[in-house]
2 protein chains.
Amino acid sequence: MNRLQNADYIIHADYVLTMDNDLTVMRNGALAILENKIVYIGSSDEIEKKYSSENIIKGKNTAAIPGLINTHTHAAMVYFRGMADDLPLKEWLEEHIWPAESKWLSPEFVSDATELACLEMLKAGITTYNDMYFFEDAASNAAKKIGMRAVLGAGIVDFPTIAGNSADEYLSKAERFIKEWQGDDLIVPCIAPHSAYACSPETLKKVRELADKYNVMIHTHLSETQWEVEEIKGKYGLTPVEHLKKTGILDKNIIAAHCVWVDEKDIGAIAKYKVGVSHCIESNLKLSSGIAPVPEMLKAGVKVSLGTDGAASNNDLNILSEMSTAAKVHKAVSNDPTVLDAKKALLMATKWGADALGLGGITGSLEKGKAADIAIMNLNKPHLTPLYDIYSHIVYSARPSDVETVFVNGKLVVDNERLSTADEDEITAKAREWRCKIR
Amino acid sequence: MNRLQNADYIIHADYVLTMDNDLTVMRNGALAILENKIVYIGSSDEIEKKYSSENIIKGKNTAAIPGLINTHTHAAMVYFRGMADDLPLKEWLEEHIWPAESKWLSPEFVSDATELACLEMLKAGITTYNDMYFFEDAASNAAKKIGMRAVLGAGIVDFPTIAGNSADEYLSKAERFIKEWQGDDLIVPCIAPHSAYACSPETLKKVRELADKYNVMIHTHLSETQWEVEEIKGKYGLTPVEHLKKTGILDKNIIAAHCVWVDEKDIGAIAKYKVGVSHCIESNLKLSSGIAPVPEMLKAGVKVSLGTDGAASNNDLNILSEMSTAAKVHKAVSNDPTVLDAKKALLMATKWGADALGLGGITGSLEKGKAADIAIMNLNKPHLTPLYDIYSHIVYSARPSDVETVFVNGKLVVDNERLSTADEDEITAKAREWRCKIR
């Protein structure tokens, strides 16, 4: 007699896009979740012979994909969404964003705003995000409450801000933050030196020591603008990539956002040191920063992933849209429609994103033994009909509103398009209250 | 005593974006609809003193905008969505699209597929579209049944297709089509010579005569690819723009799709002859066609509007996304974040689109006396919170799923996110049946 094993959830789906090494796509596939893990993945028919569960998610007209990975954001900046647009970066930062930040940032602000950002991301199928901001304790608690996987790094700069006075103060806060959160099941602390222009070489060296001491990721901005490259070249006679290499920052366990203005030699170094790159195409376009040489980086073997950047610059937290925009823009820029196809775009948003964050063993693909970080899309929509190629649909046609169900670490966090871990209306109401205060 | 006038509908909205000449935005605004027209536009308080209606649409957390205008598509190609992606244009066309068209096109195909396209467009807030395809009688009937405003042009080419054998046959069919539909309240017939490379100068001259005889718009492709420019220069010694000017096509009442490869002289001619331009940024990117010099055209006074192109190349019919992509891409390409701001992007998608189609007197803005073509967005969404600038939200953050209510020509066609003129599930089921036959 065949005894059925118990699962917390059984998920059936017309299409299961595993994003494993063979890019296996299962028709009429199924997954079993026990505690926080995927314990089985196979066909719908088979699973019923092996598992039973009180919670069965049926799969008519659905696709299950790995939860999307947002490898660069400043989540709490969602409260500044649309506050200032269509402006040069310098004016946008100096006249709008920085004054607003120095007036309003607080643990309470970051906590409330991070809840909104997590709500928006989860409803868009994003299960993991990589954050750089201030008051990251507040961000950690908020992300954990809402139920997102998050890599969080307190920003390190050399100048005083509302969150600290000196590099040493930020560094000691970062160390305390790492010690407090390391080992958590959802929150991964990291250390986030802002950039080569906001941190001295001495600060960067201390960052590397701290990262090595605790074996955590470094998260930084790198070669975002032409101005940055000129600034660093003028100061140190090196490109930002070469400069970071010299300070020891550019080594294992680092994710660099943007990498727009990198030359062939820079790309070689990025590939050599296995730097994860977060390509933030929509932010780079909107702020006129430029267009990163993604096809060249991919060709050099760099694991390029996708980031939304903060919603103040972008103006949403939507990796589905970043995939579509990146896949399209690079076709035009390189004059080659084959240069970044739908499969590659989805890899950037899933497996390669997890790899770039050092979380490849945990998330980024649907495989037995990995954490159950899963987004289930409803394909029964006019704009997803008819269906010839599931990758094409997910990358070029799907929208956040198609995300019906989301699991993070085995927990059902979005159920029938609604957040199950907190009250959506309370979160948006709080955002409106803050907005009235801010302006 | 004050007698209240009757209205078919009264709409309240937190924000009414009129897109009139002064870009008036009303807070707590209201509109009254009688028959097919907007008969009143003013404040929520005022309207209750002047109008009564059995149908009142309340406005908590909503924005009313003019129905969006899609100035270039091949609606029925929605049935080929995602059939072939990430390929060079020639291979995509010759090995996938054309074989599928010659095997499957029929009045029944066009009718069923156009219903799906109209469903998708209406649910995305698009109320008017400009179409070029075959079997346009079938398309007209479908658009009219679903309740969309459509400018429809039967394609004119010099070679045999499933829809005809010669230019003269297409022309006589086009004349019959114009006579049959001219004067309809929703359907505007036009004449659609495919391009300078698919039509001889003789054919183009006949097209101009026919257009003048019936005073209808001409809809054509123009300078979409570098190949096209070289082909026409090689054949006629002129750029496609100069060539169309010489044949008489480039004159009043013409809308030209793409205009990617136009030089300064071309832009001068486009401006001089008041050619409406349909900028199809997402299609141009995805097919690696290039990036049209939109800022230069705007500077020259060209009314540039937005088109989705067919869903086979794009892969959806979503003008909200075209706005966002266009506004972002041109900032990066021109290295100027002020070059195409949110207001201008929304003008392209509304008023300028209507102007480009010769429908500026009827639609494209919310003004007394204009047709009631209106999209109402629900702002109570995480990704639209908080709200500082309504234009920013509509252009950079809003999604089709935020469109809750749509009126076309005074008729409620989308009510609470559902089509009210036909059964959505029947339309998508038919699409799935066709898909099984096609592949």
# chains A, B, ... in the order shown; residues from 1 in each chain; ligands from 1
>>> residues_around(residues="segment 401-405 of chain A", least_positions_apart="4", cutoff="7 Å", atoms="only C-alpha atoms", output="compact mmCIF listing (two decimals) with C-alpha atoms, in the first residue's frame")
# COMPACT_ATOMS: atom_id res chain seq x y z
CA LYS A 123 1.84 41.80 -5.81
CA ALA A 124 4.16 42.04 -8.80
CA GLY A 125 5.62 38.57 -8.17
CA ALA A 375 4.78 33.41 -8.20
CA ILE A 376 1.70 32.02 -9.90
CA MET A 377 0.36 33.96 -12.87
CA ASN A 378 -3.20 33.79 -14.16
CA VAL A 414 -0.37 36.83 -1.74
CA ASP A 415 -3.59 34.89 -2.04
CA ASN A 416 -6.03 35.65 -4.85
CA GLU A 417 -4.25 38.95 -5.54
CA SER B 401 -5.41 46.99 -14.57
>>> select_by_dssp(residues="segment 6-58 of chain B", states="alpha helix (DSSP H)", output="PDB file with all heavy atoms, in the first residue's frame")
ATOM      1  N   SER B  44     -17.507  68.876  -8.902  1.00  0.00           N
ATOM      2  CA  SER B  44     -18.478  67.930  -8.335  1.00  0.00           C
ATOM      3  C   SER B  44     -19.637  68.658  -7.673  1.00  0.00           C
ATOM      4  O   SER B  44     -20.790  68.239  -7.761  1.00  0.00           O
ATOM      5  CB  SER B  44     -17.789  67.040  -7.305  1.00  0.00           C
ATOM      6  OG  SER B  44     -17.322  65.870  -7.897  1.00  0.00           O
ATOM      7  N   ASP B  45     -19.323  69.757  -6.984  1.00  0.00           N
ATOM      8  CA  ASP B  45     -20.381  70.499  -6.293  1.00  0.00           C
ATOM      9  C   ASP B  45     -21.355  71.131  -7.271  1.00  0.00           C
ATOM     10  O   ASP B  45     -22.565  71.063  -7.117  1.00  0.00           O
ATOM     11  CB  ASP B  45     -19.764  71.605  -5.422  1.00  0.00           C
ATOM     12  CG  ASP B  45     -18.985  71.029  -4.255  1.00  0.00           C
ATOM     13  OD1 ASP B  45     -19.224  69.855  -3.922  1.00  0.00           O
ATOM     14  OD2 ASP B  45     -18.140  71.746  -3.698  1.00  0.00           O
ATOM     15  N   GLU B  46     -20.780  71.766  -8.312  1.00  0.00           N
ATOM     16  CA  GLU B  46     -21.628  72.460  -9.288  1.00  0.00           C
ATOM     17  C   GLU B  46     -22.572  71.528 -10.020  1.00  0.00           C
ATOM     18  O   GLU B  46     -23.723  71.860 -10.285  1.00  0.00           O
ATOM     19  CB  GLU B  46     -20.739  73.140 -10.350  1.00  0.00           C
ATOM     20  CG  GLU B  46     -20.127  74.451  -9.912  1.00  0.00           C
ATOM     21  CD  GLU B  46     -19.022  74.870 -10.871  1.00  0.00           C
ATOM     22  OE1 GLU B  46     -19.075  74.483 -12.055  1.00  0.00           O
ATOM     23  OE2 GLU B  46     -18.086  75.561 -10.416  1.00  0.00           O
ATOM     24  N   ILE B  47     -22.032  70.349 -10.402  1.00  0.00           N
ATOM     25  CA  ILE B  47     -22.813  69.486 -11.304  1.00  0.00           C
ATOM     26  C   ILE B  47     -24.128  69.074 -10.655  1.00  0.00           C
ATOM     27  O   ILE B  47     -25.146  68.933 -11.341  1.00  0.00           O
ATOM     28  CB  ILE B  47     -21.985  68.262 -11.776  1.00  0.00           C
ATOM     29  CG1 ILE B  47     -22.484  67.803 -13.159  1.00  0.00           C
ATOM     30  CG2 ILE B  47     -22.034  67.123 -10.762  1.00  0.00           C
ATOM     31  CD1 ILE B  47     -21.534  66.893 -13.886  1.00  0.00           C
ATOM     32  N   GLU B  48     -24.118  68.944  -9.344  1.00  0.00           N
ATOM     33  CA  GLU B  48     -25.344  68.497  -8.679  1.00  0.00           C
ATOM     34  C   GLU B  48     -26.419  69.570  -8.675  1.00  0.00           C
ATOM     35  O   GLU B  48     -27.589  69.271  -8.462  1.00  0.00           O
ATOM     36  CB  GLU B  48     -25.022  68.026  -7.256  1.00  0.00           C
ATOM     37  CG  GLU B  48     -24.241  66.720  -7.301  1.00  0.00           C
ATOM     38  CD  GLU B  48     -23.823  66.191  -5.939  1.00  0.00           C
ATOM     39  OE1 GLU B  48     -24.109  66.884  -4.940  1.00  0.00           O
ATOM     40  OE2 GLU B  48     -23.228  65.107  -5.899  1.00  0.00           O
ATOM     41  N   LYS B  49     -26.001  70.813  -8.904  1.00  0.00           N
ATOM     42  CA  LYS B  49     -26.997  71.883  -8.999  1.00  0.00           C
ATOM     43  C   LYS B  49     -27.580  71.974 -10.401  1.00  0.00           C
ATOM     44  O   LYS B  49     -28.539  72.688 -10.647  1.00  0.00           O
ATOM     45  CB  LYS B  49     -26.350  73.227  -8.637  1.00  0.00           C
ATOM     46  CG  LYS B  49     -25.856  73.296  -7.202  1.00  0.00           C
ATOM     47  CD  LYS B  49     -25.125  74.618  -6.966  1.00  0.00           C
ATOM     48  CE  LYS B  49     -24.269  74.525  -5.711  1.00  0.00           C
ATOM     49  NZ  LYS B  49     -23.106  75.416  -5.757  1.00  0.00           N
ATOM     50  N   LYS B  50     -26.964  71.306 -11.363  1.00  0.00           N
ATOM     51  CA  LYS B  50     -27.371  71.467 -12.752  1.00  0.00           C
ATOM     52  C   LYS B  50     -27.913  70.196 -13.393  1.00  0.00           C
ATOM     53  O   LYS B  50     -28.751  70.256 -14.276  1.00  0.00           O
ATOM     54  CB  LYS B  50     -26.176  71.967 -13.564  1.00  0.00           C
ATOM     55  CG  LYS B  50     -25.764  73.361 -13.112  1.00  0.00           C
ATOM     56  CD  LYS B  50     -24.739  73.992 -13.992  1.00  0.00           C
ATOM     57  CE  LYS B  50     -24.479  75.427 -13.517  1.00  0.00           C
ATOM     58  NZ  LYS B  50     -23.281  76.014 -14.048  1.00  0.00           N
TER      59      LYS B  50
END
>>> residues_around(residues="segment 192-207 of chain A", least_positions_apart="6", cutoff="10 Å", atoms="only C-alpha atoms", output="count of residues only")
45
>>> atom_distance(atom1="atom CA of Ala292 of chain B", atom2="atom CA of Trp92 of chain B")
21.2 Å
>>> interface_residues(of="chain A", to="chain B", cutoff="6 Å", atoms="only C-alpha atoms", output="ChimeraX atom specification")
/A:82-83,86-88,120,285-288,290,315-316,328-329,331-332,335-338,341,382-383,386,388,392,396-397,431-432
>>> atom_distance(atom1="atom CA of Ile178 of chain B", atom2="atom CA of Ala422 of chain B")
26.3 Å
>>> residues_around(residues="Met77 of chain B", least_positions_apart="3", cutoff="6 Å", atoms="only C-alpha atoms", output="PyMOL selection string")
chain B and resi 74+80+310+312
>>> residues_around(residues="Asp20 of chain A", least_positions_apart="5", cutoff="12 Å", atoms="only C-alpha atoms", output="MDAnalysis selection string")
chainID A and resid 25:26 41 65:66 343 346:347 350:352 360:361 363:368 370
>>> write_last_selection(atoms="all heavy atoms", output="compact mmCIF listing (two decimals), in the first residue's frame")
# COMPACT_ATOMS: atom_id res chain seq x y z
N VAL A 25 10.66 23.23 -18.65
CA VAL A 25 9.30 23.76 -18.54
C VAL A 25 8.37 22.56 -18.48
O VAL A 25 8.40 21.71 -19.37
CB VAL A 25 8.93 24.64 -19.75
CG1 VAL A 25 7.46 25.07 -19.66
CG2 VAL A 25 9.83 25.86 -19.83
N MET A 26 7.59 22.46 -17.43
CA MET A 26 6.65 21.35 -17.34
C MET A 26 5.25 21.79 -17.73
O MET A 26 4.75 22.79 -17.21
CB MET A 26 6.64 20.82 -15.91
CG MET A 26 7.67 19.73 -15.71
SD MET A 26 7.66 19.18 -14.03
CE MET A 26 8.38 20.60 -13.28
N ILE A 41 8.77 18.27 -7.20
CA ILE A 41 8.38 18.98 -8.42
C ILE A 41 8.26 17.92 -9.51
O ILE A 41 9.14 17.08 -9.68
CB ILE A 41 9.37 20.13 -8.73
CG1 ILE A 41 8.97 20.89 -9.98
CG2 ILE A 41 10.80 19.65 -8.85
CD1 ILE A 41 9.64 22.27 -10.06
N ILE A 65 6.16 30.42 -11.75
CA ILE A 65 7.55 30.82 -12.04
C ILE A 65 8.27 31.06 -10.72
O ILE A 65 7.61 31.27 -9.68
CB ILE A 65 7.62 32.10 -12.92
CG1 ILE A 65 7.03 33.32 -12.18
CG2 ILE A 65 6.89 31.90 -14.25
CD1 ILE A 65 7.26 34.64 -12.89
N PRO A 66 9.59 31.00 -10.73
CA PRO A 66 10.31 31.37 -9.50
C PRO A 66 9.95 32.82 -9.14
O PRO A 66 9.80 33.67 -10.03
CB PRO A 66 11.79 31.29 -9.91
CG PRO A 66 11.83 30.45 -11.15
CD PRO A 66 10.52 30.70 -11.84
N LYS A 343 14.02 34.15 -22.82
CA LYS A 343 14.57 33.24 -21.81
C LYS A 343 15.67 33.91 -21.00
O LYS A 343 15.73 33.79 -19.78
CB LYS A 343 15.16 31.99 -22.48
CG LYS A 343 14.11 30.96 -22.82
CD LYS A 343 14.71 29.75 -23.49
CE LYS A 343 13.58 28.93 -24.10
NZ LYS A 343 14.07 27.90 -25.01
N LEU A 346 14.27 36.38 -18.56
CA LEU A 346 13.69 35.77 -17.36
C LEU A 346 14.78 35.19 -16.46
O LEU A 346 14.63 35.21 -15.23
CB LEU A 346 12.65 34.70 -17.76
CG LEU A 346 11.77 34.19 -16.61
CD1 LEU A 346 11.05 35.31 -15.87
CD2 LEU A 346 10.76 33.16 -17.12
N LEU A 347 15.86 34.70 -17.04
CA LEU A 347 17.00 34.25 -16.21
C LEU A 347 17.55 35.42 -15.40
O LEU A 347 17.86 35.28 -14.21
CB LEU A 347 18.10 33.67 -17.10
CG LEU A 347 17.92 32.21 -17.53
CD1 LEU A 347 18.92 31.84 -18.63
CD2 LEU A 347 18.06 31.26 -16.34
N THR A 350 15.46 36.03 -12.42
CA THR A 350 15.24 34.94 -11.45
C THR A 350 16.59 34.36 -11.02
O THR A 350 17.22 34.88 -10.10
CB THR A 350 14.33 33.84 -12.08
OG1 THR A 350 14.90 33.38 -13.31
CG2 THR A 350 12.94 34.38 -12.34
N LYS A 351 17.03 33.32 -11.74
CA LYS A 351 18.24 32.58 -11.32
C LYS A 351 19.47 33.46 -11.21
O LYS A 351 20.20 33.41 -10.23
CB LYS A 351 18.47 31.47 -12.35
CG LYS A 351 19.49 30.44 -11.91
CD LYS A 351 19.48 29.28 -12.88
CE LYS A 351 20.19 28.07 -12.29
NZ LYS A 351 21.55 28.35 -11.89
N TRP A 352 19.71 34.27 -12.25
CA TRP A 352 20.91 35.10 -12.23
C TRP A 352 20.81 36.17 -11.14
O TRP A 352 21.83 36.59 -10.58
CB TRP A 352 21.16 35.73 -13.60
CG TRP A 352 21.48 34.70 -14.65
CD1 TRP A 352 21.68 33.36 -14.46
CD2 TRP A 352 21.62 34.93 -16.05
NE1 TRP A 352 21.93 32.74 -15.66
CE2 TRP A 352 21.91 33.67 -16.65
CE3 TRP A 352 21.53 36.05 -16.88
CZ2 TRP A 352 22.10 33.52 -18.03
CZ3 TRP A 352 21.73 35.91 -18.25
CH2 TRP A 352 22.02 34.66 -18.82
N GLY A 360 21.94 31.89 -4.71
CA GLY A 360 21.64 30.89 -5.74
C GLY A 360 21.31 29.52 -5.17
O GLY A 360 20.56 28.76 -5.80
N GLY A 361 21.81 29.21 -4.00
CA GLY A 361 21.49 27.91 -3.41
C GLY A 361 20.12 27.87 -2.76
O GLY A 361 19.60 26.80 -2.45
N THR A 363 17.25 30.34 -3.63
CA THR A 363 16.09 30.82 -4.41
C THR A 363 16.49 31.05 -5.87
O THR A 363 17.60 30.73 -6.27
CB THR A 363 15.50 32.08 -3.74
OG1 THR A 363 14.26 32.42 -4.37
CG2 THR A 363 16.45 33.27 -3.81
N GLY A 364 15.57 31.54 -6.69
CA GLY A 364 15.87 31.88 -8.08
C GLY A 364 15.46 30.83 -9.09
O GLY A 364 15.44 31.10 -10.29
N SER A 365 15.14 29.62 -8.62
CA SER A 365 14.63 28.59 -9.53
C SER A 365 13.72 27.66 -8.74
O SER A 365 13.76 27.65 -7.50
CB SER A 365 15.78 27.80 -10.17
OG SER A 365 16.57 27.20 -9.17
N LEU A 366 12.88 26.95 -9.47
CA LEU A 366 11.98 26.00 -8.82
C LEU A 366 12.62 24.63 -8.89
O LEU A 366 12.59 23.97 -9.92
CB LEU A 366 10.61 26.02 -9.51
CG LEU A 366 9.89 27.37 -9.53
CD1 LEU A 366 8.54 27.27 -10.24
CD2 LEU A 366 9.70 27.93 -8.12
N GLU A 367 13.25 24.23 -7.78
CA GLU A 367 13.93 22.94 -7.73
C GLU A 367 13.72 22.35 -6.35
O GLU A 367 13.59 23.07 -5.35
CB GLU A 367 15.43 23.14 -8.01
CG GLU A 367 15.73 23.66 -9.41
CD GLU A 367 17.23 23.82 -9.68
OE1 GLU A 367 17.89 22.79 -9.88
OE2 GLU A 367 17.70 24.97 -9.68
N LYS A 368 13.69 21.05 -6.32
CA LYS A 368 13.55 20.34 -5.05
C LYS A 368 14.68 20.76 -4.09
O LYS A 368 15.84 20.81 -4.49
CB LYS A 368 13.63 18.83 -5.32
CG LYS A 368 13.22 17.99 -4.14
CD LYS A 368 13.25 16.51 -4.49
CE LYS A 368 13.32 15.71 -3.19
NZ LYS A 368 13.29 14.25 -3.45
N LYS A 370 15.04 23.72 -2.80
CA LYS A 370 15.14 25.19 -2.71
C LYS A 370 13.96 25.74 -1.90
O LYS A 370 12.93 25.07 -1.75
CB LYS A 370 15.17 25.80 -4.11
CG LYS A 370 16.56 25.73 -4.74
CD LYS A 370 16.76 26.83 -5.75
CE LYS A 370 18.19 26.86 -6.27
NZ LYS A 370 18.37 27.91 -7.29
>>> closest_residue(among="A:Gln5, A:Thr71, A:Asn215, A:Ser140", to="Asp309 of chain A", atoms="only C-alpha atoms")
A:Thr71
>>> residues_around(residues="Leu31 of chain A", least_positions_apart="4", cutoff="10 Å", atoms="only C-alpha atoms", output="ChimeraX atom specification")
/A:7,9-13,16,38-44,47,51,57,64,366-368,372,374
>>> residues_around(residues="segment 265-278 of chain B", least_positions_apart="4", cutoff="8 Å", atoms="only C-alpha atoms", output="JSON, numbers by chain")
{"B": [71, 72, 239, 241, 242, 250, 251, 252, 253, 254, 255, 256, 257, 258, 259, 296, 297, 300, 301, 302, 303, 304, 305, 306, 307, 353, 355, 356, 357]}
>>> decode(residues="segment 341-377 of chain B", atoms="C-alpha atoms", output="tab-separated table (two decimals), in the first residue's frame")
chain	number	residue	atom	x	y	z
B	341	ASP	CA	7.91	65.03	-19.86
B	342	ALA	CA	4.81	63.34	-18.52
B	343	LYS	CA	2.40	66.01	-19.79
B	344	LYS	CA	3.78	65.79	-23.31
B	345	ALA	CA	3.62	61.99	-23.22
B	346	LEU	CA	-0.04	62.11	-22.22
B	347	LEU	CA	-0.75	64.69	-24.93
B	348	MET	CA	0.78	62.30	-27.47
B	349	ALA	CA	-1.52	59.55	-26.22
B	350	THR	CA	-4.68	61.68	-26.24
B	351	LYS	CA	-5.13	65.06	-27.92
B	352	TRP	CA	-2.27	64.81	-30.39
B	353	GLY	CA	-3.36	61.29	-31.30
B	354	ALA	CA	-6.86	62.53	-32.09
B	355	ASP	CA	-5.40	65.43	-34.08
B	356	ALA	CA	-3.11	63.08	-36.01
B	357	LEU	CA	-6.15	61.03	-37.05
B	358	GLY	CA	-8.21	64.07	-38.05
B	359	LEU	CA	-10.50	63.44	-35.08
B	360	GLY	CA	-9.42	66.41	-32.97
B	361	GLY	CA	-12.91	67.91	-33.10
B	362	ILE	CA	-14.48	64.73	-31.78
B	363	THR	CA	-12.19	63.08	-29.25
B	364	GLY	CA	-8.80	63.31	-27.52
B	365	SER	CA	-9.76	65.68	-24.72
B	366	LEU	CA	-12.51	66.06	-22.14
B	367	GLU	CA	-14.40	69.15	-23.26
B	368	LYS	CA	-18.02	70.14	-23.52
B	369	GLY	CA	-19.38	69.14	-26.92
B	370	LYS	CA	-16.83	66.43	-27.57
B	371	ALA	CA	-17.76	62.77	-27.71
B	372	ALA	CA	-17.76	61.06	-24.33
B	373	ASP	CA	-14.64	58.92	-24.82
B	374	ILE	CA	-13.40	58.58	-21.24
B	375	ALA	CA	-11.23	56.25	-19.17
B	376	ILE	CA	-11.56	56.25	-15.40
B	377	MET	CA	-8.60	54.96	-13.41
